[in-house]
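entry_2.pdb (PDB, C-alpha atoms, pLDDT in the B column) appears below.
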```pdb
ATOM      1  CA  MET C   1      82.627 118.637 112.078  1.00 78.00           C
ATOM      2  CA  GLN C   2      84.136 116.093 109.649  1.00 84.00           C
ATOM      3  CA  GLU C   3      87.642 117.389 110.371  1.00 89.00           C
ATOM      4  CA  VAL C   4      87.205 116.909 114.129  1.00 93.00           C
ATOM      5  CA  ALA C   5      85.564 113.486 113.783  1.00 91.00           C
ATOM      6  CA  LEU C   6      88.411 112.231 111.584  1.00 92.00           C
ATOM      7  CA  LYS C   7      90.998 113.642 113.983  1.00 93.00           C
ATOM      8  CA  VAL C   8      89.353 111.855 116.919  1.00 93.00           C
ATOM      9  CA  LEU C   9      89.220 108.588 114.951  1.00 91.00           C
ATOM     10  CA  ALA C  10      92.859 108.990 113.885  1.00 93.00           C
ATOM     11  CA  ASN C  11      93.851 109.456 117.518  1.00 92.00           C
ATOM     12  CA  LEU C  12      91.781 106.428 118.580  1.00 92.00           C
ATOM     13  CA  SER C  13      93.290 104.328 115.794  1.00 93.00           C
ATOM     14  CA  TYR C  14      96.713 104.907 117.300  1.00 92.00           C
ATOM     15  CA  SER C  15      95.875 102.717 120.322  1.00 90.00           C
ATOM     16  CA  SER C  16      95.275  99.017 119.551  1.00 91.00           C
ATOM     17  CA  ASP C  17      94.399  96.467 116.871  1.00 91.00           C
ATOM     18  CA  ARG C  18      91.037  95.928 118.565  1.00 93.00           C
ATOM     19  CA  VAL C  19      90.142  99.612 118.236  1.00 94.00           C
ATOM     20  CA  ARG C  20      91.384  99.736 114.641  1.00 94.00           C
ATOM     21  CA  HIS C  21      89.310  96.661 113.797  1.00 92.00           C
ATOM     22  CA  LYS C  22      86.207  98.248 115.313  1.00 93.00           C
ATOM     23  CA  ILE C  23      86.750 101.439 113.281  1.00 93.00           C
ATOM     24  CA  VAL C  24      87.052  99.417 110.056  1.00 93.00           C
ATOM     25  CA  GLN C  25      83.898  97.443 110.905  1.00 91.00           C
ATOM     26  CA  ASP C  26      81.923 100.577 111.749  1.00 89.00           C
ATOM     27  CA  ASP C  27      83.128 102.319 108.600  1.00 85.00           C
ATOM     28  CA  PHE C  28      81.989  99.354 106.495  1.00 79.00           C
ATOM     29  CA  SER C  29      78.570  99.184 108.131  1.00 76.00           C
ATOM     30  CA  SER C  30      78.003 102.938 107.826  1.00 73.00           C
ATOM     31  CA  GLY C  31      78.586 103.169 104.088  1.00 71.00           C
ATOM     32  CA  ARG C  32      82.349 103.591 103.712  1.00 84.00           C
ATOM     33  CA  CYS C  33      82.503 107.113 105.150  1.00 88.00           C
ATOM     34  CA  LEU C  34      86.291 107.035 105.256  1.00 88.00           C
ATOM     35  CA  GLN C  35      86.537 106.331 101.536  1.00 89.00           C
ATOM     36  CA  LYS C  36      84.060 109.130 100.857  1.00 89.00           C
ATOM     37  CA  ALA C  37      86.058 111.577 102.989  1.00 89.00           C
ATOM     38  CA  LEU C  38      89.340 110.626 101.363  1.00 88.00           C
ATOM     39  CA  GLY C  39      87.828 110.738  97.877  1.00 85.00           C
ATOM     40  CA  SER C  40      86.119 114.081  98.371  1.00 85.00           C
ATOM     41  CA  ASN C  41      87.599 117.405  97.437  1.00 82.00           C
ATOM     42  CA  PRO C  42      86.975 119.391 100.621  1.00 81.00           C
ATOM     43  CA  ARG C  43      87.801 123.054 101.004  1.00 84.00           C
ATOM     44  CA  CYS C  44      89.611 122.242 104.226  1.00 87.00           C
ATOM     45  CA  GLU C  45      92.808 120.292 103.476  1.00 92.00           C
ATOM     46  CA  GLN C  46      92.982 119.160 107.104  1.00 94.00           C
ATOM     47  CA  ILE C  47      90.044 116.812 106.402  1.00 93.00           C
ATOM     48  CA  LEU C  48      92.190 114.971 103.856  1.00 94.00           C
ATOM     49  CA  CYS C  49      95.177 114.994 106.202  1.00 95.00           C
ATOM     50  CA  ASN C  50      93.150 113.531 109.066  1.00 95.00           C
ATOM     51  CA  ALA C  51      91.528 110.941 106.785  1.00 95.00           C
ATOM     52  CA  ALA C  52      94.929 109.894 105.397  1.00 96.00           C
ATOM     53  CA  CYS C  53      96.362 109.684 108.924  1.00 96.00           C
ATOM     54  CA  LEU C  54      93.478 107.434 109.927  1.00 96.00           C
ATOM     55  CA  VAL C  55      93.961 105.220 106.858  1.00 96.00           C
ATOM     56  CA  ALA C  56      97.688 104.934 107.566  1.00 97.00           C
ATOM     57  CA  ASN C  57      97.005 103.846 111.144  1.00 97.00           C
ATOM     58  CA  LEU C  58      94.313 101.385 110.082  1.00 96.00           C
ATOM     59  CA  ALA C  59      96.706  99.938 107.491  1.00 97.00           C
ATOM     60  CA  THR C  60      98.810  98.468 110.317  1.00 96.00           C
ATOM     61  CA  SER C  61      95.995  96.114 111.286  1.00 95.00           C
ATOM     62  CA  PRO C  62      96.747  92.596 110.009  1.00 94.00           C
ATOM     63  CA  ASN C  63      93.141  91.387 110.238  1.00 92.00           C
ATOM     64  CA  ASP C  64      91.586  94.213 108.260  1.00 94.00           C
ATOM     65  CA  GLN C  65      93.599  94.260 105.051  1.00 95.00           C
ATOM     66  CA  GLY C  66      90.720  92.805 103.016  1.00 93.00           C
ATOM     67  CA  GLY C  67      88.316  95.477 104.219  1.00 93.00           C
ATOM     68  CA  LEU C  68      90.748  98.258 103.397  1.00 95.00           C
ATOM     69  CA  GLN C  69      91.491  97.400  99.763  1.00 96.00           C
ATOM     70  CA  GLU C  70      89.458 100.277  98.307  1.00 95.00           C
ATOM     71  CA  VAL C  71      91.048 102.932 100.526  1.00 96.00           C
ATOM     72  CA  MET C  72      94.453 101.383  99.819  1.00 97.00           C
ATOM     73  CA  GLU C  73      93.988 101.902  96.086  1.00 97.00           C
ATOM     74  CA  LEU C  74      92.483 105.350  96.634  1.00 96.00           C
ATOM     75  CA  SER C  75      95.538 106.279  98.726  1.00 97.00           C
ATOM     76  CA  GLY C  76      97.797 105.180  95.882  1.00 97.00           C
ATOM     77  CA  ASN C  77      95.785 107.147  93.352  1.00 97.00           C
ATOM     78  CA  LEU C  78      95.940 110.259  95.532  1.00 96.00           C
ATOM     79  CA  LEU C  79      99.687 109.792  95.884  1.00 97.00           C
ATOM     80  CA  GLN C  80     100.039 109.539  92.093  1.00 96.00           C
ATOM     81  CA  ALA C  81      98.220 112.859  91.776  1.00 94.00           C
ATOM     82  CA  GLY C  82     101.061 114.461  93.724  1.00 88.00           C
ATOM     83  CA  PRO C  83      99.559 116.268  96.691  1.00 90.00           C
ATOM     84  CA  SER C  84     101.129 119.636  97.455  1.00 91.00           C
ATOM     85  CA  ASN C  85     100.357 119.462 101.183  1.00 94.00           C
ATOM     86  CA  THR C  86     103.363 117.843 102.860  1.00 96.00           C
ATOM     87  CA  GLU C  87     101.370 116.502 105.819  1.00 96.00           C
ATOM     88  CA  PHE C  88      98.935 114.827 103.436  1.00 96.00           C
ATOM     89  CA  LEU C  89     101.820 113.394 101.383  1.00 97.00           C
ATOM     90  CA  SER C  90     103.482 112.074 104.545  1.00 97.00           C
ATOM     91  CA  HIS C  91     100.326 110.270 105.687  1.00 97.00           C
ATOM     92  CA  LEU C  92      99.666 108.857 102.202  1.00 98.00           C
ATOM     93  CA  VAL C  93     103.132 107.355 101.826  1.00 98.00           C
ATOM     94  CA  ARG C  94     102.989 106.058 105.403  1.00 97.00           C
ATOM     95  CA  ALA C  95      99.704 104.358 104.512  1.00 97.00           C
ATOM     96  CA  MET C  96     101.259 102.831 101.404  1.00 98.00           C
ATOM     97  CA  ALA C  97     104.267 101.586 103.394  1.00 98.00           C
ATOM     98  CA  ASN C  98     101.985 100.103 106.053  1.00 98.00           C
ATOM     99  CA  PHE C  99      99.853  98.370 103.433  1.00 98.00           C
ATOM    100  CA  ALA C 100     102.977  97.072 101.664  1.00 98.00           C
ATOM    101  CA  HIS C 101     104.056  95.366 104.884  1.00 97.00           C
ATOM    102  CA  PHE C 102     101.375  92.738 104.160  1.00 98.00           C
ATOM    103  CA  ARG C 103     102.326  90.523 101.216  1.00 97.00           C
ATOM    104  CA  GLN C 104      98.729  90.039 100.088  1.00 97.00           C
ATOM    105  CA  ASN C 105      98.694  93.703  99.002  1.00 98.00           C
ATOM    106  CA  ALA C 106     101.838  93.551  96.866  1.00 98.00           C
ATOM    107  CA  GLU C 107     100.127  92.738  93.550  1.00 97.00           C
ATOM    108  CA  ARG C 108      97.933  95.821  93.845  1.00 98.00           C
ATOM    109  CA  LEU C 109     100.657  98.096  95.185  1.00 98.00           C
ATOM    110  CA  ILE C 110     103.291  97.303  92.562  1.00 97.00           C
ATOM    111  CA  TYR C 111     101.559  99.748  90.220  1.00 97.00           C
ATOM    112  CA  PHE C 112     102.433 102.634  92.541  1.00 97.00           C
ATOM    113  CA  VAL C 113     106.219 102.121  92.545  1.00 96.00           C
ATOM    114  CA  SER C 114     106.817 104.898  90.027  1.00 94.00           C
ATOM    115  CA  ALA C 115     104.761 107.415  92.016  1.00 95.00           C
ATOM    116  CA  VAL C 116     106.459 106.496  95.278  1.00 95.00           C
ATOM    117  CA  VAL C 117     109.904 106.877  93.705  1.00 94.00           C
ATOM    118  CA  SER C 118     109.183 110.182  91.972  1.00 92.00           C
ATOM    119  CA  LYS C 119     107.060 111.848  94.642  1.00 94.00           C
ATOM    120  CA  CYS C 120     108.400 110.380  97.880  1.00 94.00           C
ATOM    121  CA  LEU C 121     111.790 108.728  97.555  1.00 89.00           C
ATOM    122  CA  ARG C 122     113.242 111.930  96.128  1.00 86.00           C
ATOM    123  CA  SER C 123     111.596 114.036  98.848  1.00 90.00           C
ATOM    124  CA  GLN C 124     113.699 116.151 101.173  1.00 91.00           C
ATOM    125  CA  ILE C 125     111.248 115.403 103.999  1.00 93.00           C
ATOM    126  CA  VAL C 126     112.883 112.655 106.065  1.00 90.00           C
ATOM    127  CA  ALA C 127     109.671 110.862 107.088  1.00 94.00           C
ATOM    128  CA  VAL C 128     108.389 110.817 103.495  1.00 95.00           C
ATOM    129  CA  HIS C 129     111.725 109.482 102.241  1.00 91.00           C
ATOM    130  CA  VAL C 130     111.891 106.753 104.927  1.00 91.00           C
ATOM    131  CA  HIS C 131     108.304 105.594 104.349  1.00 95.00           C
ATOM    132  CA  ALA C 132     109.064 105.402 100.616  1.00 94.00           C
ATOM    133  CA  LEU C 133     112.014 103.130 101.432  1.00 92.00           C
ATOM    134  CA  ARG C 134     109.761 100.987 103.665  1.00 95.00           C
ATOM    135  CA  PHE C 135     107.256 100.665 100.831  1.00 96.00           C
ATOM    136  CA  LEU C 136     109.904  99.671  98.294  1.00 95.00           C
ATOM    137  CA  LEU C 137     111.677  97.214 100.596  1.00 93.00           C
ATOM    138  CA  SER C 138     108.387  95.474 101.392  1.00 96.00           C
ATOM    139  CA  LEU C 139     107.637  95.111  97.693  1.00 96.00           C
ATOM    140  CA  LEU C 140     111.169  93.870  97.047  1.00 94.00           C
ATOM    141  CA  ALA C 141     110.581  91.148  99.632  1.00 94.00           C
ATOM    142  CA  ALA C 142     107.163  90.195  98.237  1.00 96.00           C
ATOM    143  CA  LEU C 143     107.782  90.577  94.486  1.00 96.00           C
ATOM    144  CA  PRO C 144     111.569  90.723  94.082  1.00 93.00           C
ATOM    145  CA  SER C 145     111.857  90.346  90.311  1.00 94.00           C
ATOM    146  CA  ARG C 146     109.054  92.718  89.317  1.00 94.00           C
ATOM    147  CA  THR C 147     110.031  95.348  91.863  1.00 93.00           C
ATOM    148  CA  ALA C 148     113.708  95.177  90.907  1.00 91.00           C
ATOM    149  CA  LYS C 149     112.844  95.607  87.217  1.00 92.00           C
ATOM    150  CA  LEU C 150     110.703  98.644  88.001  1.00 92.00           C
ATOM    151  CA  LEU C 151     113.375 100.132  90.211  1.00 91.00           C
ATOM    152  CA  MET C 152     116.028  99.664  87.546  1.00 90.00           C
ATOM    153  CA  SER C 153     114.048 101.993  85.309  1.00 89.00           C
ATOM    154  CA  GLU C 154     112.625 104.246  88.031  1.00 80.00           C
ATOM    155  CA  GLY C 155     115.303 104.847  90.637  1.00 68.00           C
ATOM    156  CA  ALA C 156     117.453 101.996  91.921  1.00 74.00           C
ATOM    157  CA  GLU C 157     120.236 104.484  92.562  1.00 81.00           C
ATOM    158  CA  GLU C 158     118.014 106.521  94.912  1.00 79.00           C
ATOM    159  CA  VAL C 159     116.950 103.380  96.770  1.00 81.00           C
ATOM    160  CA  LEU C 160     120.538 102.312  97.361  1.00 80.00           C
ATOM    161  CA  GLU C 161     121.596 105.808  98.380  1.00 81.00           C
ATOM    162  CA  GLY C 162     118.581 106.062 100.649  1.00 78.00           C
ATOM    163  CA  LEU C 163     119.417 102.800 102.374  1.00 79.00           C
ATOM    164  CA  GLY C 164     122.878 104.096 103.116  1.00 80.00           C
ATOM    165  CA  THR C 165     121.564 107.232 104.801  1.00 81.00           C
ATOM    166  CA  VAL C 166     119.125 105.667 107.285  1.00 81.00           C
ATOM    167  CA  PRO C 167     120.884 105.621 110.681  1.00 84.00           C
ATOM    168  CA  GLY C 168     121.480 102.090 111.943  1.00 88.00           C
ATOM    169  CA  LEU C 169     120.056 100.347 108.890  1.00 85.00           C
ATOM    170  CA  MET C 170     123.353  99.180 107.434  1.00 84.00           C
ATOM    171  CA  GLU C 171     124.429  97.864 110.830  1.00 89.00           C
ATOM    172  CA  ALA C 172     121.163  95.905 111.128  1.00 90.00           C
ATOM    173  CA  ILE C 173     121.575  94.471 107.626  1.00 86.00           C
ATOM    174  CA  HIS C 174     125.197  93.632 108.350  1.00 85.00           C
ATOM    175  CA  SER C 175     124.234  91.808 111.578  1.00 90.00           C
ATOM    176  CA  THR C 176     121.525  89.846 109.787  1.00 90.00           C
ATOM    177  CA  LEU C 177     123.928  88.829 107.038  1.00 86.00           C
ATOM    178  CA  LEU C 178     126.477  87.681 109.614  1.00 88.00           C
ATOM    179  CA  VAL C 179     123.899  85.267 111.005  1.00 90.00           C
ATOM    180  CA  GLN C 180     123.791  83.641 107.561  1.00 88.00           C
ATOM    181  CA  ALA C 181     127.558  83.674 107.027  1.00 87.00           C
ATOM    182  CA  SER C 182     129.909  84.446 109.912  1.00 84.00           C
ATOM    183  CA  ASP C 183     132.764  86.872 109.552  1.00 84.00           C
ATOM    184  CA  LYS C 184     135.010  84.363 111.323  1.00 82.00           C
ATOM    185  CA  ALA C 185     135.625  80.750 110.322  1.00 84.00           C
ATOM    186  CA  LYS C 186     137.821  77.831 111.202  1.00 82.00           C
ATOM    187  CA  PRO C 187     139.977  76.312 108.469  1.00 85.00           C
ATOM    188  CA  LEU C 188     138.363  73.486 106.494  1.00 83.00           C
TER     189      LEU C 188
END
```

Structure re-expressed in structure tokens:
Amino acid sequence: MQEVALKVLANLSYSSDRVRHKIVQDDFSSGRCLQKALGSNPRCEQILCNAACLVANLATSPNDQGGLQEVMELSGNLLQAGPSNTEFLSHLVRAMANFAHFRQNAERLIYFVSAVVSKCLRSQIVAVHVHALRFLLSLLAALPSRTAKLLMSEGAEEVLEGLGTVPGLMEAIHSTLLVQASDKAKPL
């Protein structure tokens, strides 16, 4: 029953910010069921996968970041534990990347850089690798000095290599840089 309910909620959370907000409100008023599901140790791994998928979708909601702080930290802790289920890992790192998109979460997420580098950035699963890059780039934007220092000891090489392998990313960066300093100039 819990597996199906979480799957339905995860599918609903895919639709709009209004629906995501309502799910967060209802979860809060009903005793933090999502946190309990994610923090449980069910026999059925699909319960954790569906709960993590739901959290990752809810993490995109700009107005609900404050109400999701506990599941954000729980997601990071679960990621640190190194889940063996690849679907679960994919949803957890997607959740972390979505949370990292909001600067107000950076101070709490910085402590998960090592886990994201070791468990996700080095993953052969493309989606896991890309979400790890999203997470790290968001933290670099929010906390550049602290994130850079951590990456220097944890895996700056993998980050740079990873950036070079994402199709279209270098072209987008190049275009953005050209807005700041043109590749053509008139003599002074």

Item to complete: Given the file shown, enumerate the residues that the PyMOL selection byres ((chain C and resi 58-60) around 7) captures and present them as a PyMOL selection string.
Response: chain C and resi 13+20+54-57+61-62+65+95+98-99

Any chance you could export the current selection's C-alpha atoms as an mmCIF file, in the frame of the given file?
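What landed in part-v4.cif:
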```cif
data_model
loop_
_atom_site.group_PDB
_atom_site.id
_atom_site.type_symbol
_atom_site.label_atom_id
_atom_site.label_comp_id
_atom_site.auth_asym_id
_atom_site.auth_seq_id
_atom_site.Cartn_x
_atom_site.Cartn_y
_atom_site.Cartn_z
ATOM 1 C CA SER C 13 93.290 104.328 115.794
ATOM 2 C CA ARG C 20 91.384 99.736 114.641
ATOM 3 C CA LEU C 54 93.478 107.434 109.927
ATOM 4 C CA VAL C 55 93.961 105.220 106.858
ATOM 5 C CA ALA C 56 97.688 104.934 107.566
ATOM 6 C CA ASN C 57 97.005 103.846 111.144
ATOM 7 C CA SER C 61 95.995 96.114 111.286
ATOM 8 C CA PRO C 62 96.747 92.596 110.009
ATOM 9 C CA GLN C 65 93.599 94.260 105.051
ATOM 10 C CA ALA C 95 99.704 104.358 104.512
ATOM 11 C CA ASN C 98 101.985 100.103 106.053
ATOM 12 C CA PHE C 99 99.853 98.370 103.433
#
```

Item to complete: Would you mind reading off the distance between atom CA of C:Phe88 and atom CA of C:Leu169, one decimal, in Å?
Response: 26.2 Å

Fill in: Point-to-point distance in Å for atom CA of C:Lys36 and atom CA of C:Ala52
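The value is 11.8 Å.
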
Worksheet item: For the atom pair atom CA of C:Cys53 and atom CA of C:Ala81, what is the interatomic distance in Å to one decimal place?
Response: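 Atom-to-atom, atom CA of C:Cys53 to atom CA of C:Ala81, that is 17.5 Å.
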
Exactly which residues make up the result of the PyMOL selection byres ((chain C and resi 35) around 10) on this file, given as a PDB file with C-alpha atoms, in the frame of the given file?
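The new file selection18.pdb reads:
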```pdb
ATOM      1  CA  ASP C  27      83.128 102.319 108.600  1.00 85.00           C
ATOM      2  CA  PHE C  28      81.989  99.354 106.495  1.00 79.00           C
ATOM      3  CA  GLY C  31      78.586 103.169 104.088  1.00 71.00           C
ATOM      4  CA  ARG C  32      82.349 103.591 103.712  1.00 84.00           C
ATOM      5  CA  CYS C  33      82.503 107.113 105.150  1.00 88.00           C
ATOM      6  CA  LEU C  34      86.291 107.035 105.256  1.00 88.00           C
ATOM      7  CA  LYS C  36      84.060 109.130 100.857  1.00 89.00           C
ATOM      8  CA  ALA C  37      86.058 111.577 102.989  1.00 89.00           C
ATOM      9  CA  LEU C  38      89.340 110.626 101.363  1.00 88.00           C
ATOM     10  CA  GLY C  39      87.828 110.738  97.877  1.00 85.00           C
ATOM     11  CA  SER C  40      86.119 114.081  98.371  1.00 85.00           C
ATOM     12  CA  ALA C  51      91.528 110.941 106.785  1.00 95.00           C
ATOM     13  CA  ALA C  52      94.929 109.894 105.397  1.00 96.00           C
ATOM     14  CA  VAL C  55      93.961 105.220 106.858  1.00 96.00           C
ATOM     15  CA  LEU C  68      90.748  98.258 103.397  1.00 95.00           C
ATOM     16  CA  GLU C  70      89.458 100.277  98.307  1.00 95.00           C
ATOM     17  CA  VAL C  71      91.048 102.932 100.526  1.00 96.00           C
ATOM     18  CA  MET C  72      94.453 101.383  99.819  1.00 97.00           C
ATOM     19  CA  LEU C  74      92.483 105.350  96.634  1.00 96.00           C
ATOM     20  CA  SER C  75      95.538 106.279  98.726  1.00 97.00           C
TER      21      SER C  75
END
```

Produce the centre coordinates and the three edge lengths, each in Å to one decimal, of the box along x, y and z that contains all listed atoms of stretch 16-23 of chain C with 6 Å added on each side, as AutoDock Vina command-line options.
```
--center_x 90.7 --center_y 98.7 --center_z 116.4 --size_x 21.1 --size_y 17.5 --size_z 18.3
```

Contact table stretch 64-124 of chain C vs stretch 128-148 of chain C, cut-off 10 Å, shortest pair per residue, all atoms listed in the file, as JSON lines:
```
{"residue": "C:Thr86", "atom": "CA", "partner": "C:Val128", "partner_atom": "CA", "distance": 8.7}
{"residue": "C:Glu87", "atom": "CA", "partner": "C:Val128", "partner_atom": "CA", "distance": 9.3}
{"residue": "C:Leu89", "atom": "CA", "partner": "C:Val128", "partner_atom": "CA", "distance": 7.4}
{"residue": "C:Ser90", "atom": "CA", "partner": "C:Val128", "partner_atom": "CA", "distance": 5.2}
{"residue": "C:His91", "atom": "CA", "partner": "C:Val128", "partner_atom": "CA", "distance": 8.4}
{"residue": "C:Leu92", "atom": "CA", "partner": "C:Val128", "partner_atom": "CA", "distance": 9.0}
{"residue": "C:Val93", "atom": "CA", "partner": "C:His131", "partner_atom": "CA", "distance": 6.0}
{"residue": "C:Arg94", "atom": "CA", "partner": "C:His131", "partner_atom": "CA", "distance": 5.4}
{"residue": "C:Ala95", "atom": "CA", "partner": "C:His131", "partner_atom": "CA", "distance": 8.7}
{"residue": "C:Met96", "atom": "CA", "partner": "C:Phe135", "partner_atom": "CA", "distance": 6.4}
{"residue": "C:Ala97", "atom": "CA", "partner": "C:Phe135", "partner_atom": "CA", "distance": 4.0}
{"residue": "C:Asn98", "atom": "CA", "partner": "C:Phe135", "partner_atom": "CA", "distance": 7.4}
{"residue": "C:Phe99", "atom": "CA", "partner": "C:Phe135", "partner_atom": "CA", "distance": 8.2}
{"residue": "C:Ala100", "atom": "CA", "partner": "C:Ser138", "partner_atom": "CA", "distance": 5.6}
{"residue": "C:His101", "atom": "CA", "partner": "C:Ser138", "partner_atom": "CA", "distance": 5.6}
{"residue": "C:Phe102", "atom": "CA", "partner": "C:Ser138", "partner_atom": "CA", "distance": 8.0}
{"residue": "C:Arg103", "atom": "CA", "partner": "C:Ala142", "partner_atom": "CA", "distance": 5.7}
{"residue": "C:Gln104", "atom": "CA", "partner": "C:Ala142", "partner_atom": "CA", "distance": 8.6}
{"residue": "C:Asn105", "atom": "CA", "partner": "C:Leu139", "partner_atom": "CA", "distance": 9.1}
{"residue": "C:Ala106", "atom": "CA", "partner": "C:Leu139", "partner_atom": "CA", "distance": 6.1}
{"residue": "C:Glu107", "atom": "CA", "partner": "C:Leu143", "partner_atom": "CA", "distance": 8.0}
{"residue": "C:Leu109", "atom": "CA", "partner": "C:Leu139", "partner_atom": "CA", "distance": 8.0}
{"residue": "C:Ile110", "atom": "CA", "partner": "C:Thr147", "partner_atom": "CA", "distance": 7.1}
{"residue": "C:Tyr111", "atom": "CA", "partner": "C:Thr147", "partner_atom": "CA", "distance": 9.7}
{"residue": "C:Phe112", "atom": "CA", "partner": "C:Phe135", "partner_atom": "CA", "distance": 9.8}
{"residue": "C:Val113", "atom": "CA", "partner": "C:Leu136", "partner_atom": "CA", "distance": 7.3}
{"residue": "C:Ala115", "atom": "CA", "partner": "C:Ala132", "partner_atom": "CA", "distance": 9.8}
{"residue": "C:Val116", "atom": "CA", "partner": "C:Ala132", "partner_atom": "CA", "distance": 6.0}
{"residue": "C:Val117", "atom": "CA", "partner": "C:Ala132", "partner_atom": "CA", "distance": 7.1}
{"residue": "C:Ser118", "atom": "CA", "partner": "C:Ala132", "partner_atom": "CA", "distance": 9.9}
{"residue": "C:Lys119", "atom": "CA", "partner": "C:Val128", "partner_atom": "CA", "distance": 9.0}
{"residue": "C:Cys120", "atom": "CA", "partner": "C:His129", "partner_atom": "CA", "distance": 5.6}
{"residue": "C:Leu121", "atom": "CA", "partner": "C:His129", "partner_atom": "CA", "distance": 4.7}
{"residue": "C:Arg122", "atom": "CA", "partner": "C:His129", "partner_atom": "CA", "distance": 6.8}
{"residue": "C:Ser123", "atom": "CA", "partner": "C:His129", "partner_atom": "CA", "distance": 5.7}
{"residue": "C:Gln124", "atom": "CA", "partner": "C:His129", "partner_atom": "CA", "distance": 7.0}
```

Item to complete: Check what the PyMOL selection byres ((chain C and resi 19) around 12) selects in the file above and give those residues as a list in words.
Response: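 Evaluating the PyMOL selection byres ((chain C and resi 19) around 12) on this file yields Leu9, Ala10, Asn11, Leu12, Ser13, Tyr14, Ser15, Ser16, Asp17, Arg18, Arg20, His21, Lys22, Ile23, Val24, Gln25, Asp26, Leu54, Asn57, Leu58, Thr60, Ser61, Asn63 and Asp64 of chain C.
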
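Comparing the minimum interatomic distances between C:Leu79 and each of C:Ser114, C:Gly67, C:Leu178, C:Gly162, counting all atoms listed in the file, we find that C:Ser114 sits nearest.
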
Practice prompt. Rank C:Gly164, C:Glu3, C:Pro187, C:Glu157 by their smallest atom-to-atom distance to C:Asn50, using all atoms listed in the file, and report the top residue only.
Written response: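 Of all the options, C:Glu3 lies closest to C:Asn50.
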
Worksheet item: Looking at C:Ala172, C:Leu78, C:Leu48, C:Ile125, which one is nearest to C:Leu6, with distances taken over only C-alpha atoms?
Response: C:Leu48

Worksheet entry | Nearest candidate to C:Ser84 (options C:Cys49, C:Leu177, C:Val8, C:Met170; using all atoms listed in the file) | C:Cys49
